[in-house]
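Asker: Take this structure, written in structure tokens, and hold onto it; I'll ask about it next.
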Amino acid sequence: PTGALEDSLPYRCPPGVYGANIEPAEQMSAGCSGPCPAGHFCPIGTSVPMPCSIGTWCGTGSPMEIVCAAGTYGTRTKMTSQAQCTDCEPGGYCSGGRRNLCLRNTFNNRTNSHLERDCLTCPLYSTTSLPASTSMQNCTCDPGFKQVPLPEGGFKCECEPGFAFVEAAPDATPPQPAKCIACTMGTYKQTLANEQCLACPYPRSTTTRPGATSL
């Protein structure tokens with residue numbers, strides 16, 4: 001031999017291209033067999049281009065996957081551009097190329113959301129029956145509470161006349177939610193509100209039944 005042995009040969013194909021042929025013409029330059037095809041990515045030394053996974057896209061010559069932008073998500077493999085990512089629909093939020101559903105007791109009516117806090121909590125003493133709710137109208141008051149519209153929009157949940165409000169007891173075994181219970185004999189409540197029942201004001205007076213709404 002006339003020269004020193006080159007121990008580093010063969011060279012690995014650089015990122016963004018691939019080498020999948022034993023033909024000498026495709027082994028003589030850094031171009032290898034050619035640029036990585038769209039929908040695939042090719043890290044250094046790639047012989048077989050790898051398909052981009054769900055939630056990512058890859059243009060021609062991609063050395064790595066590109067995650068769909070915040071507020072969008074992917075629905076299939078081998079996507080080739082951000083334009084193929086889907087806008088995040090109401091009822092969830094999208095980050096990392098994935099769509100996450102709003103949990104029960106929350107809702108989101110906006111598109112392209114990307115934060116968990118974009119799922120808003122239902123009004124106090126109400127919840128949704130399913131995840132992925134898209135409107136406050138999907139929230140319903142807990143049993144015993146009545147929905148009361150608010151002038152500025154939305155609603156609140158209040159105990160009806162004749163029913164007293166009982167605070168939640170989260171430390172009880174099992175934990176107890178807030179609830180409305182009928183006024184006991186000798187008490188009454190006239191208002192639609194989360195308040196206690198009032199005792200009859202006259203000596204030795206009582207009500208004719210539980211759940212009284214007036215004197």
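A note on labels: chains of the structure tokens are A, B, ... as shown, every chain counts residues from 1, and ligands are counted from 1 in their shown order.
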Using only C-alpha atoms, which protein or nucleic acid residues come within 7 Å of Thr77 in chain A? Drop anything in the same chain fewer than 5 positions from it, and give the result as a list of chain:residue names.
Answerer: A:Pro51, A:Cys52, A:Ser53, A:Ile54
Asker: Would you mind listing what lies within 9 Å of range 175-179 of chain A as a PyMOL selection string, with only C-alpha atoms counted and same-chain residues fewer than 4 positions away left out?
Answerer: chain A and resi 125+142-145+159+164-171
Asker: What is the distance, in Å and to one decimal place, between CA of Thr72 in chain A and CA of Gly55 in chain A?
Answerer: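 Separation between CA of Thr72 in chain A and CA of Gly55 in chain A: 8.7 Å.
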Asker: Measuring atom to atom with only C-alpha atoms, identify which of A:Lys78, A:Arg209, A:His40, A:His114 is nearest to Tyr188 in chain A.
Answerer: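 Selected residue with least distance to Tyr188 in chain A: A:Arg209.
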Asker: Env of Ser135 in chain A: 12 Å cut, atoms = only C-alpha atoms, seq-sep filter 6 positions within chain, self excluded. Answer as an NGL selection string.
Answerer: :A and (90-92 or 102 or 105-110 or 119-123 or 127-128 or 154)
Asker: Could you write out that same residue set with N, CA and C atoms as a short mmCIF file (atom, residue, chain, number, x, y, z; two decimals), in the first residue's frame?
Answerer:
data_model
loop_
_atom_site.label_atom_id
_atom_site.label_comp_id
_atom_site.auth_asym_id
_atom_site.auth_seq_id
_atom_site.Cartn_x
_atom_site.Cartn_y
_atom_site.Cartn_z
N PRO A 90 -62.85 23.07 20.27
CA PRO A 90 -63.37 23.32 21.62
C PRO A 90 -63.54 22.00 22.38
N GLY A 91 -63.46 22.10 23.70
CA GLY A 91 -63.61 20.90 24.52
C GLY A 91 -62.29 20.29 24.92
N GLY A 92 -61.18 20.93 24.54
CA GLY A 92 -59.87 20.40 24.90
C GLY A 92 -58.78 21.43 24.70
N CYS A 102 -60.76 18.29 27.97
CA CYS A 102 -61.09 18.92 29.25
C CYS A 102 -61.72 17.85 30.16
N ASN A 105 -66.27 18.53 34.94
CA ASN A 105 -66.37 19.74 35.77
C ASN A 105 -65.64 20.91 35.13
N THR A 106 -65.19 20.76 33.88
CA THR A 106 -64.56 21.88 33.17
C THR A 106 -65.10 21.93 31.75
N PHE A 107 -64.87 23.07 31.07
CA PHE A 107 -65.33 23.25 29.69
C PHE A 107 -64.42 24.26 28.99
N ASN A 108 -64.42 24.22 27.68
CA ASN A 108 -63.65 25.19 26.89
C ASN A 108 -64.38 25.41 25.57
N ASN A 109 -64.76 26.66 25.30
CA ASN A 109 -65.51 26.96 24.08
C ASN A 109 -64.65 27.57 22.98
N ARG A 110 -63.32 27.56 23.17
CA ARG A 110 -62.43 28.22 22.20
C ARG A 110 -61.67 27.20 21.35
N CYS A 119 -59.25 25.17 29.99
CA CYS A 119 -60.47 24.46 30.40
C CYS A 119 -60.96 25.12 31.69
N LEU A 120 -62.07 25.81 31.63
CA LEU A 120 -62.59 26.59 32.76
C LEU A 120 -63.46 25.72 33.66
N THR A 121 -63.43 26.02 34.95
CA THR A 121 -64.20 25.24 35.92
C THR A 121 -65.67 25.66 35.91
N CYS A 122 -66.56 24.70 36.02
CA CYS A 122 -68.00 24.99 36.11
C CYS A 122 -68.29 25.85 37.33
N PRO A 123 -69.40 26.59 37.33
CA PRO A 123 -69.78 27.35 38.52
C PRO A 123 -69.87 26.44 39.75
N THR A 127 -71.50 20.67 37.76
CA THR A 127 -70.48 19.87 37.08
C THR A 127 -71.00 19.47 35.71
N THR A 128 -70.13 18.86 34.91
CA THR A 128 -70.54 18.30 33.62
C THR A 128 -70.70 16.79 33.79
N GLY A 154 -73.93 33.62 32.52
CA GLY A 154 -73.61 32.49 33.38
C GLY A 154 -74.72 32.25 34.39
#
Asker: What are the DSSP helix (DSSP H, G or I) residues of range 41-161 of chain A, as a short mmCIF file (atom, residue, chain, number, x, y, z; two decimals) with all heavy atoms, in the first residue's frame?
Answerer:
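Below is the file that was written, result_28.cif:
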data_model
loop_
_atom_site.label_atom_id
_atom_site.label_comp_id
_atom_site.auth_asym_id
_atom_site.auth_seq_id
_atom_site.Cartn_x
_atom_site.Cartn_y
_atom_site.Cartn_z
N GLN A 82 -46.70 21.77 8.61
CA GLN A 82 -47.55 22.26 9.69
C GLN A 82 -48.99 22.41 9.22
O GLN A 82 -49.93 22.25 9.99
CB GLN A 82 -47.00 23.59 10.22
CG GLN A 82 -47.90 24.33 11.19
CD GLN A 82 -48.15 23.57 12.48
OE1 GLN A 82 -47.26 22.92 13.00
NE2 GLN A 82 -49.38 23.66 12.99
N ALA A 83 -49.18 22.70 7.94
CA ALA A 83 -50.53 22.88 7.40
C ALA A 83 -51.38 21.63 7.55
O ALA A 83 -52.61 21.71 7.53
CB ALA A 83 -50.45 23.30 5.93
N GLN A 84 -50.74 20.47 7.70
CA GLN A 84 -51.51 19.23 7.86
C GLN A 84 -51.88 18.96 9.31
O GLN A 84 -52.63 18.02 9.59
CB GLN A 84 -50.70 18.06 7.28
CG GLN A 84 -50.53 18.13 5.77
CD GLN A 84 -49.76 16.95 5.22
OE1 GLN A 84 -48.89 16.38 5.87
NE2 GLN A 84 -50.07 16.57 3.98
N GLU A 116 -53.76 23.79 29.75
CA GLU A 116 -54.77 23.10 30.54
C GLU A 116 -55.71 24.10 31.21
O GLU A 116 -56.91 23.83 31.36
CB GLU A 116 -54.11 22.22 31.60
CG GLU A 116 -55.09 21.36 32.39
CD GLU A 116 -54.40 20.41 33.35
OE1 GLU A 116 -53.17 20.52 33.51
OE2 GLU A 116 -55.09 19.56 33.94
N ARG A 117 -55.18 25.27 31.59
CA ARG A 117 -56.03 26.26 32.25
C ARG A 117 -57.06 26.89 31.30
O ARG A 117 -57.94 27.62 31.75
CB ARG A 117 -55.16 27.35 32.88
CG ARG A 117 -54.39 28.23 31.92
CD ARG A 117 -53.79 29.42 32.66
NE ARG A 117 -52.99 30.27 31.81
CZ ARG A 117 -51.66 30.23 31.72
NH1 ARG A 117 -50.99 29.35 32.45
NH2 ARG A 117 -51.00 31.04 30.91
N ASP A 118 -56.96 26.61 30.00
CA ASP A 118 -58.01 27.06 29.07
C ASP A 118 -59.31 26.31 29.31
O ASP A 118 -60.37 26.76 28.85
CB ASP A 118 -57.55 26.87 27.63
CG ASP A 118 -56.40 27.80 27.25
OD1 ASP A 118 -56.32 28.89 27.83
OD2 ASP A 118 -55.58 27.43 26.40
N MET A 136 -70.39 26.40 29.04
CA MET A 136 -70.90 26.43 30.41
C MET A 136 -72.29 25.81 30.47
O MET A 136 -72.71 25.30 31.51
CB MET A 136 -70.93 27.86 30.95
CG MET A 136 -71.32 27.94 32.42
SD MET A 136 -71.53 29.63 33.04
CE MET A 136 -69.85 30.24 32.97
N GLN A 137 -73.01 25.85 29.36
CA GLN A 137 -74.35 25.26 29.34
C GLN A 137 -74.31 23.75 29.54
O GLN A 137 -75.33 23.13 29.83
CB GLN A 137 -75.04 25.60 28.03
CG GLN A 137 -75.24 27.09 27.80
CD GLN A 137 -75.90 27.78 28.98
OE1 GLN A 137 -76.91 27.31 29.49
NE2 GLN A 137 -75.31 28.89 29.44
N ASN A 138 -73.12 23.14 29.39
CA ASN A 138 -72.99 21.71 29.68
C ASN A 138 -72.89 21.43 31.17
O ASN A 138 -72.95 20.28 31.59
CB ASN A 138 -71.76 21.13 28.98
CG ASN A 138 -71.82 21.22 27.47
OD1 ASN A 138 -70.87 21.61 26.83
ND2 ASN A 138 -72.96 20.88 26.88
#
Asker: For CA of Lys156 in chain A and CA of Cys141 in chain A, quote the distance in Å rounded to one decimal.
Answerer: 8.2 Å
Asker: Write out as an NGL selection string each polymer residue whose atoms come within 7 Å of Ser62 in chain A, counting only C-alpha atoms; drop sequence neighbours fewer than 3 positions from it.
Answerer: :A and (16 or 36 or 41-42 or 58-59)
Asker: Please report the interatomic distance between CA of Ser47 in chain A and CA of Ser33 in chain A in Å with one decimal.
Answerer: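 Going from CA of Ser47 in chain A over to CA of Ser33 in chain A, I get 8.9 Å.
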Asker: Measuring between only C-alpha atoms, which one of A:Lys146, A:Gly153, A:Gly71, A:Leu198 shows the shortest distance to Cys180 in chain A?
Answerer: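 Selected residue with least distance to Cys180 in chain A: A:Lys146.
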Asker: Which neighbours of Gly19 in chain A fall inside 10 Å, counting only C-alpha atoms, when residues of the same chain fewer than 5 positions from it are skipped, and could you give them as a list of chain:residue names?
Answerer: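 Once the nearby chain positions are removed, what remains is A:Arg12, A:Cys13, A:Pro14, A:Glu26, A:Gln27, A:Ala30, A:Gly31, A:Cys32, A:Ser33, A:Gly34, A:Pro35, A:Cys36, A:Cys42, A:Gly45, A:Thr46, A:Ser47, A:Val48, A:Pro49.
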Asker: Which one of A:Met50, A:Met185, A:Cys88, A:Cys139 sits closest to Gly211 in chain A if you count only C-alpha atoms?
Answerer: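 Result for the nearest residue to Gly211 in chain A: A:Met185.
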Asker: Nearest to Thr56 in chain A: which of A:Pro201, A:Pro43, A:Pro37, A:Gly97 is it, counting only C-alpha atoms?
Answerer: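 Nearest to Thr56 in chain A: A:Gly97.
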Asker: Need the shell around Pro210 in chain A: protein/DNA/RNA residues with any atom at most 12 Å away, counting only C-alpha atoms. Skip same-chain ones fewer than 3 positions apart. Format as a list in words?
Answerer: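 Within the cut-off, the hits are Pro161, Gly162, Phe163, Ala164, Ile181, Ala182, Cys183, Thr184, Met185, Gly186, Thr187, Tyr188, Lys189, Cys197, Thr206, Thr207, Thr213 and Ser214 of chain A.
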Asker: Considering only strand (DSSP E or B) as DSSP defines it on the backbone, what residues of chain A qualify? List them as a ChimeraX atom specification.
Answerer: /A:17-18,34-35,40-41,50-51,56-57,66-67,72-73,79,86-87,92-95,98-101,106-107,120-121,126-127,133,140-141,145-149,155-159,163-166,169,176,179-182,187-188,198-199,212
Asker: What does the file look like for those residues with C-alpha atoms, as a PDB file, in the first residue's frame?
Answerer:
ATOM      1  CA  VAL A  17     -30.039  12.395   3.933  1.00  0.00           C
ATOM      2  CA  TYR A  18     -29.994   8.624   3.775  1.00  0.00           C
ATOM      3  CA  GLY A  34     -30.490  11.674  -1.556  1.00  0.00           C
ATOM      4  CA  PRO A  35     -32.445  13.905   0.816  1.00  0.00           C
ATOM      5  CA  HIS A  40     -39.857  10.944   7.137  1.00  0.00           C
ATOM      6  CA  PHE A  41     -36.795  11.968   9.128  1.00  0.00           C
ATOM      7  CA  MET A  50     -38.113   6.718   9.528  1.00  0.00           C
ATOM      8  CA  PRO A  51     -41.778   7.816   9.300  1.00  0.00           C
ATOM      9  CA  THR A  56     -45.243  15.621  14.200  1.00  0.00           C
ATOM     10  CA  TRP A  57     -44.387  16.513  10.601  1.00  0.00           C
ATOM     11  CA  ILE A  66     -41.051  18.716  14.139  1.00  0.00           C
ATOM     12  CA  VAL A  67     -43.902  18.813  16.649  1.00  0.00           C
ATOM     13  CA  THR A  72     -52.755  22.218  16.884  1.00  0.00           C
ATOM     14  CA  TYR A  73     -52.343  18.434  16.821  1.00  0.00           C
ATOM     15  CA  MET A  79     -47.353  14.361   7.756  1.00  0.00           C
ATOM     16  CA  THR A  86     -55.388  20.083  12.849  1.00  0.00           C
ATOM     17  CA  ASP A  87     -56.623  23.147  14.763  1.00  0.00           C
ATOM     18  CA  GLY A  92     -59.870  20.400  24.902  1.00  0.00           C
ATOM     19  CA  TYR A  93     -56.366  21.846  24.557  1.00  0.00           C
ATOM     20  CA  CYS A  94     -53.493  20.804  22.313  1.00  0.00           C
ATOM     21  CA  SER A  95     -49.797  20.710  23.141  1.00  0.00           C
ATOM     22  CA  ARG A  98     -51.560  15.825  20.994  1.00  0.00           C
ATOM     23  CA  ARG A  99     -55.149  16.753  21.859  1.00  0.00           C
ATOM     24  CA  ASN A 100     -56.105  16.552  25.541  1.00  0.00           C
ATOM     25  CA  LEU A 101     -59.766  16.571  26.586  1.00  0.00           C
ATOM     26  CA  THR A 106     -64.561  21.877  33.168  1.00  0.00           C
ATOM     27  CA  PHE A 107     -65.328  23.247  29.692  1.00  0.00           C
ATOM     28  CA  LEU A 120     -62.586  26.586  32.755  1.00  0.00           C
ATOM     29  CA  THR A 121     -64.202  25.242  35.920  1.00  0.00           C
ATOM     30  CA  SER A 126     -72.296  22.297  39.363  1.00  0.00           C
ATOM     31  CA  THR A 127     -70.480  19.871  37.082  1.00  0.00           C
ATOM     32  CA  SER A 133     -67.475  19.870  27.316  1.00  0.00           C
ATOM     33  CA  THR A 140     -75.643  21.379  35.528  1.00  0.00           C
ATOM     34  CA  CYS A 141     -76.307  22.123  39.179  1.00  0.00           C
ATOM     35  CA  PHE A 145     -79.612  23.009  43.799  1.00  0.00           C
ATOM     36  CA  LYS A 146     -81.459  25.267  41.378  1.00  0.00           C
ATOM     37  CA  GLN A 147     -79.813  27.125  38.496  1.00  0.00           C
ATOM     38  CA  VAL A 148     -80.127  30.902  38.857  1.00  0.00           C
ATOM     39  CA  PRO A 149     -79.157  33.070  35.830  1.00  0.00           C
ATOM     40  CA  PHE A 155     -75.418  31.192  36.433  1.00  0.00           C
ATOM     41  CA  LYS A 156     -75.080  30.176  40.072  1.00  0.00           C
ATOM     42  CA  CYS A 157     -76.514  27.222  41.968  1.00  0.00           C
ATOM     43  CA  GLU A 158     -78.685  27.987  45.013  1.00  0.00           C
ATOM     44  CA  CYS A 159     -80.874  26.072  47.464  1.00  0.00           C
ATOM     45  CA  PHE A 163     -84.220  24.043  51.853  1.00  0.00           C
ATOM     46  CA  ALA A 164     -81.142  24.825  53.952  1.00  0.00           C
ATOM     47  CA  PHE A 165     -77.581  24.892  52.649  1.00  0.00           C
ATOM     48  CA  VAL A 166     -75.136  22.393  54.196  1.00  0.00           C
ATOM     49  CA  ALA A 169     -67.341  18.012  54.506  1.00  0.00           C
ATOM     50  CA  GLN A 176     -69.597  14.680  51.765  1.00  0.00           C
ATOM     51  CA  LYS A 179     -76.093  19.863  49.642  1.00  0.00           C
ATOM     52  CA  CYS A 180     -79.548  21.302  50.218  1.00  0.00           C
ATOM     53  CA  ILE A 181     -81.763  19.671  52.849  1.00  0.00           C
ATOM     54  CA  ALA A 182     -85.368  20.409  53.774  1.00  0.00           C
ATOM     55  CA  THR A 187     -87.963  26.307  60.832  1.00  0.00           C
ATOM     56  CA  TYR A 188     -88.577  27.915  57.434  1.00  0.00           C
ATOM     57  CA  LEU A 198     -84.851  30.406  60.352  1.00  0.00           C
ATOM     58  CA  ALA A 199     -86.619  29.331  63.518  1.00  0.00           C
ATOM     59  CA  ALA A 212     -91.650  25.273  55.101  1.00  0.00           C
TER      60      ALA A 212
END
